[in-house]
$ cat input23.cif   # mmCIF, C-alpha atoms
data_my_file
loop_
_atom_site.label_atom_id
_atom_site.label_comp_id
_atom_site.auth_asym_id
_atom_site.auth_seq_id
_atom_site.Cartn_x
_atom_site.Cartn_y
_atom_site.Cartn_z
CA MET K 1 9.93 -5.70 13.25
CA TYR K 2 10.43 -9.46 13.55
CA LYS K 3 12.99 -10.92 15.92
CA ILE K 4 15.31 -13.78 14.96
CA VAL K 5 15.13 -16.14 17.96
CA ARG K 6 17.21 -19.02 16.59
CA LYS K 7 19.85 -19.41 13.91
CA LYS K 8 21.55 -22.61 12.79
CA GLU K 9 23.93 -23.22 9.91
CA LEU K 10 22.79 -26.46 8.25
CA ASN K 11 25.74 -26.51 5.86
CA PRO K 12 28.20 -23.89 4.54
CA THR K 13 25.58 -22.23 2.32
CA VAL K 14 22.23 -23.09 3.92
CA THR K 15 20.89 -21.42 7.06
CA LEU K 16 17.90 -22.08 9.30
CA MET K 17 16.25 -19.21 11.13
CA GLU K 18 13.35 -19.23 13.54
CA VAL K 19 11.56 -15.87 13.47
CA GLU K 20 9.11 -14.45 16.00
CA ALA K 21 5.97 -13.84 13.91
CA PRO K 22 2.88 -14.90 15.91
CA PHE K 23 0.23 -13.79 13.42
CA VAL K 24 1.95 -15.70 10.60
CA ALA K 25 2.49 -18.78 12.78
CA LYS K 26 -1.18 -18.78 13.76
CA LYS K 27 -2.40 -19.48 10.22
CA ALA K 28 0.61 -21.01 8.42
CA LYS K 29 0.25 -24.35 6.63
CA ALA K 30 2.62 -26.59 4.68
CA GLY K 31 3.31 -25.34 1.18
CA GLN K 32 2.76 -21.65 1.92
CA PHE K 33 5.40 -18.93 1.91
CA ILE K 34 6.38 -15.59 3.39
CA ILE K 35 7.99 -12.51 1.88
CA PHE K 36 10.74 -10.84 3.89
CA ARG K 37 12.47 -7.50 3.60
CA ILE K 38 15.56 -6.89 5.72
CA ASP K 39 15.16 -3.12 5.93
CA GLU K 40 13.39 -0.25 4.22
CA GLN K 41 15.89 -0.31 1.33
CA GLY K 42 15.74 -4.08 0.92
CA GLU K 43 14.12 -6.05 -1.88
CA ARG K 44 11.12 -8.27 -1.25
CA VAL K 45 12.12 -11.94 -1.28
CA PRO K 46 9.78 -14.97 -1.02
CA LEU K 47 10.77 -17.99 1.09
CA THR K 48 8.65 -21.07 1.63
CA ILE K 49 7.71 -21.75 5.26
CA ALA K 50 9.84 -24.63 6.53
CA GLY K 51 8.01 -24.98 9.84
CA TYR K 52 5.99 -23.16 12.46
CA ASP K 53 5.15 -23.32 16.16
CA ARG K 54 1.74 -21.87 16.94
CA GLU K 55 2.32 -21.91 20.71
CA LYS K 56 5.67 -20.11 20.54
CA GLY K 57 4.46 -17.87 17.74
CA THR K 58 7.48 -18.59 15.54
CA VAL K 59 8.01 -19.44 11.89
CA THR K 60 11.03 -21.33 10.56
CA ILE K 61 12.66 -20.44 7.27
CA ILE K 62 15.55 -22.23 5.58
CA PHE K 63 17.41 -20.48 2.80
CA GLN K 64 20.47 -20.75 0.61
CA LYS K 65 22.83 -17.78 0.64
CA VAL K 66 23.16 -17.21 -3.09
CA GLY K 67 21.73 -13.79 -3.88
CA PHE K 68 22.09 -10.23 -2.65
CA SER K 69 19.31 -10.40 -0.02
CA THR K 70 19.77 -13.98 1.19
CA ILE K 71 23.47 -13.33 1.81
CA ALA K 72 22.53 -10.21 3.81
CA LEU K 73 19.90 -12.18 5.74
CA GLY K 74 22.49 -14.82 6.54
CA GLU K 75 24.70 -12.17 8.14
CA LEU K 76 22.05 -11.43 10.77
CA ASN K 77 22.14 -13.26 14.10
CA GLU K 78 19.90 -14.27 16.97
CA GLY K 79 18.46 -11.13 18.56
CA ASP K 80 18.55 -9.16 15.32
CA TYR K 81 15.37 -8.01 13.60
CA ILE K 82 13.92 -8.31 10.10
CA ARG K 83 11.94 -5.29 8.88
CA ASP K 84 9.10 -7.16 7.10
CA PHE K 85 7.90 -10.75 7.35
CA VAL K 86 4.59 -11.05 5.49
CA GLY K 87 2.43 -14.15 5.26
CA PRO K 88 1.27 -16.79 5.09
CA LEU K 89 0.90 -16.38 1.34
CA GLY K 90 -0.09 -18.83 -1.38
CA LYS K 91 -2.21 -21.94 -1.22
CA PRO K 92 -1.22 -24.74 1.18
CA SER K 93 -0.38 -28.26 0.05
CA GLU K 94 -3.48 -30.39 -0.55
CA VAL K 95 -2.85 -33.35 1.72
CA GLU K 96 -6.29 -34.68 2.60
CA GLY K 97 -7.61 -37.86 1.02
CA LYS K 98 -4.22 -39.18 -0.13
CA LYS K 99 -3.42 -42.73 0.96
CA LYS K 100 0.01 -43.18 -0.60
CA VAL K 101 2.36 -40.40 -1.67
CA CYS K 102 5.97 -39.88 -2.69
CA VAL K 103 7.68 -36.65 -1.67
CA ILE K 104 10.87 -35.77 -3.54
CA GLY K 105 13.25 -33.04 -2.44
CA GLY K 106 16.37 -31.75 -4.13
CA GLY K 107 19.04 -29.73 -2.35
CA VAL K 108 17.68 -26.77 -0.42
CA GLY K 109 14.26 -27.67 -1.80
CA CYS K 110 14.21 -30.33 0.91
CA ALA K 111 13.44 -27.55 3.38
CA ILE K 112 10.16 -27.00 1.53
CA ALA K 113 9.44 -30.69 1.04
CA LEU K 114 9.78 -31.56 4.74
CA PRO K 115 6.66 -29.76 6.08
CA SER K 116 4.59 -31.18 3.21
CA ALA K 117 5.83 -34.70 3.95
CA ALA K 118 4.94 -34.19 7.62
CA ALA K 119 1.49 -32.88 6.68
CA PHE K 120 0.82 -35.91 4.47
CA LYS K 121 1.87 -38.20 7.31
CA GLU K 122 -0.32 -36.37 9.81
CA ALA K 123 -3.26 -36.72 7.40
CA GLY K 124 -2.82 -40.49 7.43
CA ALA K 125 -0.91 -41.14 4.21
CA GLU K 126 1.86 -43.66 3.69
CA VAL K 127 4.85 -41.47 2.80
CA THR K 128 7.85 -42.38 0.69
CA VAL K 129 10.57 -39.74 0.74
CA ILE K 130 13.37 -39.47 -1.82
CA VAL K 131 15.95 -36.71 -1.31
CA GLY K 132 18.95 -35.80 -3.39
CA PHE K 133 22.10 -33.75 -2.84
CA ARG K 134 25.33 -33.18 -4.74
CA SER K 135 27.42 -34.74 -1.97
CA LYS K 136 27.39 -35.83 1.68
CA ASP K 137 28.77 -32.54 3.03
CA ILE K 138 25.65 -30.57 2.05
CA VAL K 139 23.00 -33.02 3.28
CA ILE K 140 20.34 -31.36 5.45
CA LEU K 141 17.32 -32.51 7.49
CA GLU K 142 17.98 -36.25 7.16
CA ASP K 143 16.76 -37.15 10.66
CA GLU K 144 13.70 -34.94 10.29
CA PHE K 145 12.69 -36.71 7.07
CA LYS K 146 13.25 -40.14 8.57
CA ALA K 147 10.89 -39.20 11.41
CA VAL K 148 7.96 -38.67 9.02
CA ALA K 149 8.77 -41.17 6.26
CA ASP K 150 7.59 -44.76 6.01
CA ARG K 151 10.35 -45.28 3.45
CA PHE K 152 13.37 -43.00 3.06
CA ILE K 153 15.83 -42.98 0.17
CA MET K 154 18.95 -40.80 0.12
CA MET K 155 20.68 -40.04 -3.19
CA THR K 156 23.90 -38.15 -3.90
CA ASP K 157 25.25 -37.13 -7.28
CA ASP K 158 28.78 -38.28 -6.44
CA GLY K 159 27.85 -41.38 -4.43
CA SER K 160 29.49 -40.07 -1.25
CA TYR K 161 26.37 -40.88 0.81
CA GLY K 162 23.31 -43.04 0.35
CA ARG K 163 22.81 -44.24 -3.21
CA HIS K 164 24.76 -42.91 -6.17
CA GLY K 165 22.58 -41.15 -8.71
CA LEU K 166 19.61 -38.85 -9.25
CA VAL K 167 16.26 -38.84 -7.44
CA THR K 168 14.53 -39.99 -10.63
CA GLN K 169 16.31 -43.37 -10.51
CA PRO K 170 14.60 -44.85 -7.41
CA LEU K 171 11.33 -43.20 -8.49
CA GLN K 172 11.56 -44.97 -11.86
CA GLU K 173 12.35 -48.25 -10.11
CA LEU K 174 9.38 -47.96 -7.76
CA LEU K 175 6.96 -47.14 -10.57
CA GLU K 176 8.26 -49.97 -12.75
CA ALA K 177 7.84 -52.33 -9.78
CA GLY K 178 4.15 -51.44 -9.67
CA GLU K 179 4.00 -48.86 -6.86
CA LYS K 180 0.78 -46.85 -7.06
CA PHE K 181 1.05 -43.34 -5.66
CA ASP K 182 -1.92 -41.01 -5.32
CA GLU K 183 0.52 -38.15 -5.73
CA VAL K 184 4.18 -37.43 -6.29
CA LEU K 185 5.28 -34.05 -4.92
CA ALA K 186 8.59 -32.73 -6.24
CA ILE K 187 10.35 -29.68 -4.84
CA GLY K 188 13.81 -28.52 -5.83
CA PRO K 189 15.75 -27.13 -8.78
CA VAL K 190 13.67 -26.59 -11.92
CA PRO K 191 15.54 -29.27 -13.96
CA MET K 192 14.96 -31.82 -11.20
CA MET K 193 11.23 -31.11 -11.05
CA LYS K 194 11.01 -31.24 -14.84
CA PHE K 195 12.61 -34.69 -15.02
CA VAL K 196 10.54 -36.02 -12.13
CA CYS K 197 7.48 -35.07 -14.17
CA LYS K 198 8.92 -36.77 -17.26
CA THR K 199 9.48 -39.90 -15.16
CA THR K 200 5.93 -40.07 -13.79
CA GLU K 201 4.07 -39.03 -16.95
CA PRO K 202 4.24 -42.41 -18.75
CA PHE K 203 2.75 -44.03 -15.64
CA GLY K 204 -0.10 -41.52 -15.37
CA VAL K 205 0.84 -40.54 -11.81
CA TYR K 206 -0.47 -37.18 -10.65
CA THR K 207 2.59 -35.04 -9.99
CA VAL K 208 2.75 -31.70 -8.19
CA VAL K 209 5.65 -29.24 -8.27
CA SER K 210 6.29 -26.16 -6.10
CA LEU K 211 7.41 -23.29 -8.31
CA ASN K 212 9.77 -20.47 -7.40
CA PRO K 213 9.51 -17.78 -10.09
CA ILE K 214 10.62 -14.19 -9.58
CA MET K 215 8.11 -12.53 -7.28
CA VAL K 216 7.55 -8.95 -6.08
CA ASP K 217 4.33 -8.18 -4.21
CA GLY K 218 3.01 -11.69 -3.52
CA THR K 219 -0.65 -10.73 -3.99
CA GLY K 220 -1.16 -11.26 -7.72
CA MET K 221 -0.94 -7.58 -8.64
CA CYS K 222 2.51 -7.22 -10.24
CA GLY K 223 2.45 -10.24 -12.54
CA GLY K 224 6.14 -10.92 -11.96
CA CYS K 225 5.58 -14.52 -10.88
CA ARG K 226 3.45 -15.54 -13.84
CA VAL K 227 3.89 -19.06 -15.13
CA THR K 228 2.19 -20.98 -17.91
CA VAL K 229 0.25 -24.03 -16.72
CA GLY K 230 -1.85 -26.00 -19.16
CA GLY K 231 -1.54 -23.18 -21.68
CA GLU K 232 -2.98 -20.65 -19.23
CA THR K 233 -1.23 -17.86 -17.36
CA LYS K 234 -1.15 -18.42 -13.60
CA PHE K 235 0.39 -16.43 -10.78
CA ALA K 236 2.51 -18.52 -8.43
CA CYS K 237 1.78 -16.23 -5.49
CA VAL K 238 -2.00 -16.63 -5.47
CA ASP K 239 -2.72 -19.63 -7.73
CA GLY K 240 0.22 -21.65 -6.36
CA PRO K 241 3.01 -22.12 -5.57
CA GLU K 242 2.04 -25.75 -6.23
CA PHE K 243 0.83 -26.81 -9.68
CA ASP K 244 0.22 -29.92 -11.77
CA GLY K 245 3.74 -30.58 -13.00
CA HIS K 246 2.63 -32.25 -16.21
CA LYS K 247 1.07 -28.96 -17.32
CA VAL K 248 3.92 -26.57 -16.43
CA ASP K 249 5.92 -24.86 -19.18
CA PHE K 250 9.35 -25.53 -17.67
CA ALA K 251 11.27 -23.91 -20.55
CA GLU K 252 9.51 -20.60 -19.98
CA LEU K 253 9.96 -20.90 -16.20
CA SER K 254 13.72 -21.45 -16.54
CA SER K 255 14.08 -18.54 -18.94
CA ARG K 256 12.18 -16.10 -16.71
CA ASN K 257 14.04 -17.22 -13.56
CA GLY K 258 17.37 -16.33 -15.16
CA ILE K 259 16.43 -12.94 -16.52
CA TYR K 260 18.21 -10.94 -13.76
CA ARG K 261 21.10 -13.34 -13.12
CA ASP K 262 23.75 -11.19 -14.84
CA ARG K 263 22.49 -8.01 -13.21
CA GLU K 264 22.51 -9.54 -9.74
CA ALA K 265 26.08 -10.78 -10.22
CA GLU K 266 27.09 -7.27 -11.24
CA VAL K 267 25.42 -5.70 -8.19
CA LYS K 268 26.93 -8.32 -5.86
CA LYS K 269 30.44 -7.59 -7.21
CA ASP K 270 30.18 -3.84 -6.49
CA HIS K 271 28.08 -4.06 -3.34
CA ALA K 272 29.34 -2.63 -0.04
CA CYS K 273 27.60 -4.33 2.87
CA ARG K 274 25.85 -1.83 5.16
CA ILE K 275 25.86 -4.34 8.03
CA GLU K 276 29.64 -4.73 7.87
CA ALA K 277 30.04 -0.96 7.63
CA MET K 278 27.91 -0.51 10.75
CA GLY K 279 30.09 -3.00 12.61
CA LYS K 280 33.29 -1.19 11.66
CA THR K 281 31.79 2.09 12.80
CA LEU K 282 30.89 0.63 16.18
CA ILE K 283 34.36 -0.84 16.62
CA GLN K 284 35.99 2.52 15.88
#

$ encode --input "input23.cif" --output "structure tokens"
Amino acid sequence: MYKIVRKKELNPTVTLMEVEAPFVAKKAKAGQFIIFRIDEQGERVPLTIAGYDREKGTVTIIFQKVGFSTIALGELNEGDYIRDFVGPLGKPSEVEGKKKVCVIGGGVGCAIALPSAAAFKEAGAEVTVIVGFRSKDIVILEDEFKAVADRFIMMTDDGSYGRHGLVTQPLQELLEAGEKFDEVLAIGPVPMMKFVCKTTEPFGVYTVVSLNPIMVDGTGMCGGCRVTVGGETKFACVDGPEFDGHKVDFAELSSRNGIYRDREAEVKKDHACRIEAMGKTLIQ
């Protein structure tokens, strides 16, 4: 069992939790992920590690409450326990040897981009950070990004904060102005990552994306997280989650990610929360 030692609501739909998991914290690196299961009946859900403290033995996760299990996780509080918290899984971000990088985060994907940006900075790289959100009211981790960025650019779809527009706009401007990046790392919604790759491709800039396909066991055995990269089948859990974005089949990735969307909506509609039921029982 893994204790939740800190909980913070970053915006109405995004939650930060710090979980007591010393063995995971001991080996965790930027870019890796964990798989949690709330209880013995729960599904296995992957979440990228948003931070870790080796001395305290804690791992930070940041998640959006959109599906059956993430909504249930969001209903837990400090002092509650998670049944399973397995990791670190996947390959860490490759940060060594890069002199100049651009890290791009979109929405809740910023939670994944932040530790990678910090790792690049710690490795001695000059770090440009571009983040994008729909509007000002859902912005997260701005101060944390500014602390690790040599240059920070905020974008919002509606122009309510920072610059008005998409993350690809300042990226395009920088590349056209002659900026030379050793790597662009994009993490966020699949369409955003796809168009970041389309923006960098004409300039020949190496571009990495962190993929989030459906995943079950996290060890390469089930094949649920398979993606096509450079015409070859890869497993995001063991070969990734980071891949060369110019080689990713984004159309296939989008199709596979949406395969259970209707079923999950159906289950969510009819679901009776066991946590709420337990609370009502205790009150009675």

$ closest_atom_pairs --input "input23.cif" --of "region 11-107 of chain K" --to "region 158-171 of chain K" --cutoff "10 Å" --atoms "all atoms listed in the file" --output "JSON lines"
{"residue": "K:Cys102", "atom": "CA", "partner": "K:Leu171", "partner_atom": "CA", "distance": 8.6}
{"residue": "K:Ile104", "atom": "CA", "partner": "K:Val167", "partner_atom": "CA", "distance": 7.3}
{"residue": "K:Gly105", "atom": "CA", "partner": "K:Val167", "partner_atom": "CA", "distance": 8.2}
{"residue": "K:Gly106", "atom": "CA", "partner": "K:Val167", "partner_atom": "CA", "distance": 7.8}

$ write_last_selection --input "input23.cif" --atoms "C-alpha atoms" --output "mmCIF file, in the coordinates of the input"
data_model
loop_
_atom_site.group_PDB
_atom_site.id
_atom_site.type_symbol
_atom_site.label_atom_id
_atom_site.label_comp_id
_atom_site.auth_asym_id
_atom_site.auth_seq_id
_atom_site.Cartn_x
_atom_site.Cartn_y
_atom_site.Cartn_z
ATOM 1 C CA CYS K 102 5.970 -39.880 -2.690
ATOM 2 C CA ILE K 104 10.870 -35.770 -3.540
ATOM 3 C CA GLY K 105 13.250 -33.040 -2.440
ATOM 4 C CA GLY K 106 16.370 -31.750 -4.130
#

$ resolve_selection --input "input23.cif" --expression "the PyMOL selection byres ((chain K and resi 232-241) around 8)" --output "number ranges by chain"
K: 31-32, 89-91, 210-213, 215, 218-220, 223, 225-231, 242-243

$ residues_around --input "input23.cif" --residues "region 50-65 of chain K" --least-positions-apart "4" --cutoff "10 Å" --atoms "only C-alpha atoms" --output "PyMOL selection string"
chain K and resi 2-34+69-75+85+88+107-116+118

$ write_last_selection --input "input23.cif" --atoms "C-alpha atoms" --output "short mmCIF file (atom, residue, chain, number, x, y, z; two decimals), in the coordinates of the input"
data_model
loop_
_atom_site.label_atom_id
_atom_site.label_comp_id
_atom_site.auth_asym_id
_atom_site.auth_seq_id
_atom_site.Cartn_x
_atom_site.Cartn_y
_atom_site.Cartn_z
CA TYR K 2 10.43 -9.46 13.55
CA LYS K 3 12.99 -10.92 15.92
CA ILE K 4 15.31 -13.78 14.96
CA VAL K 5 15.13 -16.14 17.96
CA ARG K 6 17.21 -19.02 16.59
CA LYS K 7 19.85 -19.41 13.91
CA LYS K 8 21.55 -22.61 12.79
CA GLU K 9 23.93 -23.22 9.91
CA LEU K 10 22.79 -26.46 8.25
CA ASN K 11 25.74 -26.51 5.86
CA PRO K 12 28.20 -23.89 4.54
CA THR K 13 25.58 -22.23 2.32
CA VAL K 14 22.23 -23.09 3.92
CA THR K 15 20.89 -21.42 7.06
CA LEU K 16 17.90 -22.08 9.30
CA MET K 17 16.25 -19.21 11.13
CA GLU K 18 13.35 -19.23 13.54
CA VAL K 19 11.56 -15.87 13.47
CA GLU K 20 9.11 -14.45 16.00
CA ALA K 21 5.97 -13.84 13.91
CA PRO K 22 2.88 -14.90 15.91
CA PHE K 23 0.23 -13.79 13.42
CA VAL K 24 1.95 -15.70 10.60
CA ALA K 25 2.49 -18.78 12.78
CA LYS K 26 -1.18 -18.78 13.76
CA LYS K 27 -2.40 -19.48 10.22
CA ALA K 28 0.61 -21.01 8.42
CA LYS K 29 0.25 -24.35 6.63
CA ALA K 30 2.62 -26.59 4.68
CA GLY K 31 3.31 -25.34 1.18
CA GLN K 32 2.76 -21.65 1.92
CA PHE K 33 5.40 -18.93 1.91
CA ILE K 34 6.38 -15.59 3.39
CA SER K 69 19.31 -10.40 -0.02
CA THR K 70 19.77 -13.98 1.19
CA ILE K 71 23.47 -13.33 1.81
CA ALA K 72 22.53 -10.21 3.81
CA LEU K 73 19.90 -12.18 5.74
CA GLY K 74 22.49 -14.82 6.54
CA GLU K 75 24.70 -12.17 8.14
CA PHE K 85 7.90 -10.75 7.35
CA PRO K 88 1.27 -16.79 5.09
CA GLY K 107 19.04 -29.73 -2.35
CA VAL K 108 17.68 -26.77 -0.42
CA GLY K 109 14.26 -27.67 -1.80
CA CYS K 110 14.21 -30.33 0.91
CA ALA K 111 13.44 -27.55 3.38
CA ILE K 112 10.16 -27.00 1.53
CA ALA K 113 9.44 -30.69 1.04
CA LEU K 114 9.78 -31.56 4.74
CA PRO K 115 6.66 -29.76 6.08
CA SER K 116 4.59 -31.18 3.21
CA ALA K 118 4.94 -34.19 7.62
#

$ atom_distance --input "input23.cif" --atom1 "CA of Asp150 (chain K)" --atom2 "CA of Gly188 (chain K)"
21.0 Å

$ atom_distance --input "input23.cif" --atom1 "CA of Asp39 (chain K)" --atom2 "CA of Val66 (chain K)"
18.5 Å

$ closest_residue --input "input23.cif" --among "K:Glu40, K:Ala119, K:Phe133, K:Phe68" --to "Pro92 (chain K)" --atoms "only C-alpha atoms"
K:Ala119

$ resolve_selection --input "input23.cif" --expression "the PyMOL selection byres ((chain K and resi 246) around 7)" --output "list in words"
Cys197, Glu201, Thr207, Asp244, Gly245, Lys247 and Val248 of chain K

$ closest_residue --input "input23.cif" --among "K:Phe203, K:Tyr81, K:Phe250, K:Phe145" --to "Leu174 (chain K)" --atoms "all atoms listed in the file"
K:Phe203

$ closest_residue --input "input23.cif" --among "K:Asp182, K:Glu142, K:Asp80, K:Asp157" --to "Ile38 (chain K)" --atoms "all atoms listed in the file"
K:Asp80

$ axis_aligned_box --input "input23.cif" --around "region 182-197 of chain K" --padding-each-side "3 Å" --output "JSON"
{"center_x": 6.9, "center_y": -33.8, "center_z": -9.9, "size_x": 23.7, "size_y": 20.4, "size_z": 16.2}

$ residues_around --input "input23.cif" --residues "Phe120 (chain K)" --least-positions-apart "2" --cutoff "10 Å" --atoms "all atoms listed in the file" --output "list in words"
Ala30, Ser93, Glu94, Val95, Glu96, Gly97, Lys98, Lys99, Lys100, Val101, Cys102, Val103, Leu114, Pro115, Ser116, Ala117, Ala118, Glu122, Ala123, Gly124, Ala125, Glu126, Val127, Val148 and Ala149 of chain K

$ closest_residue --input "input23.cif" --among "K:Met221, K:Ile130, K:Met155, K:Leu253" --to "Val184 (chain K)" --atoms "only C-alpha atoms"
K:Ile130

$ atom_distance --input "input23.cif" --atom1 "CA of Met193 (chain K)" --atom2 "CA of Ser255 (chain K)"
15.1 Å
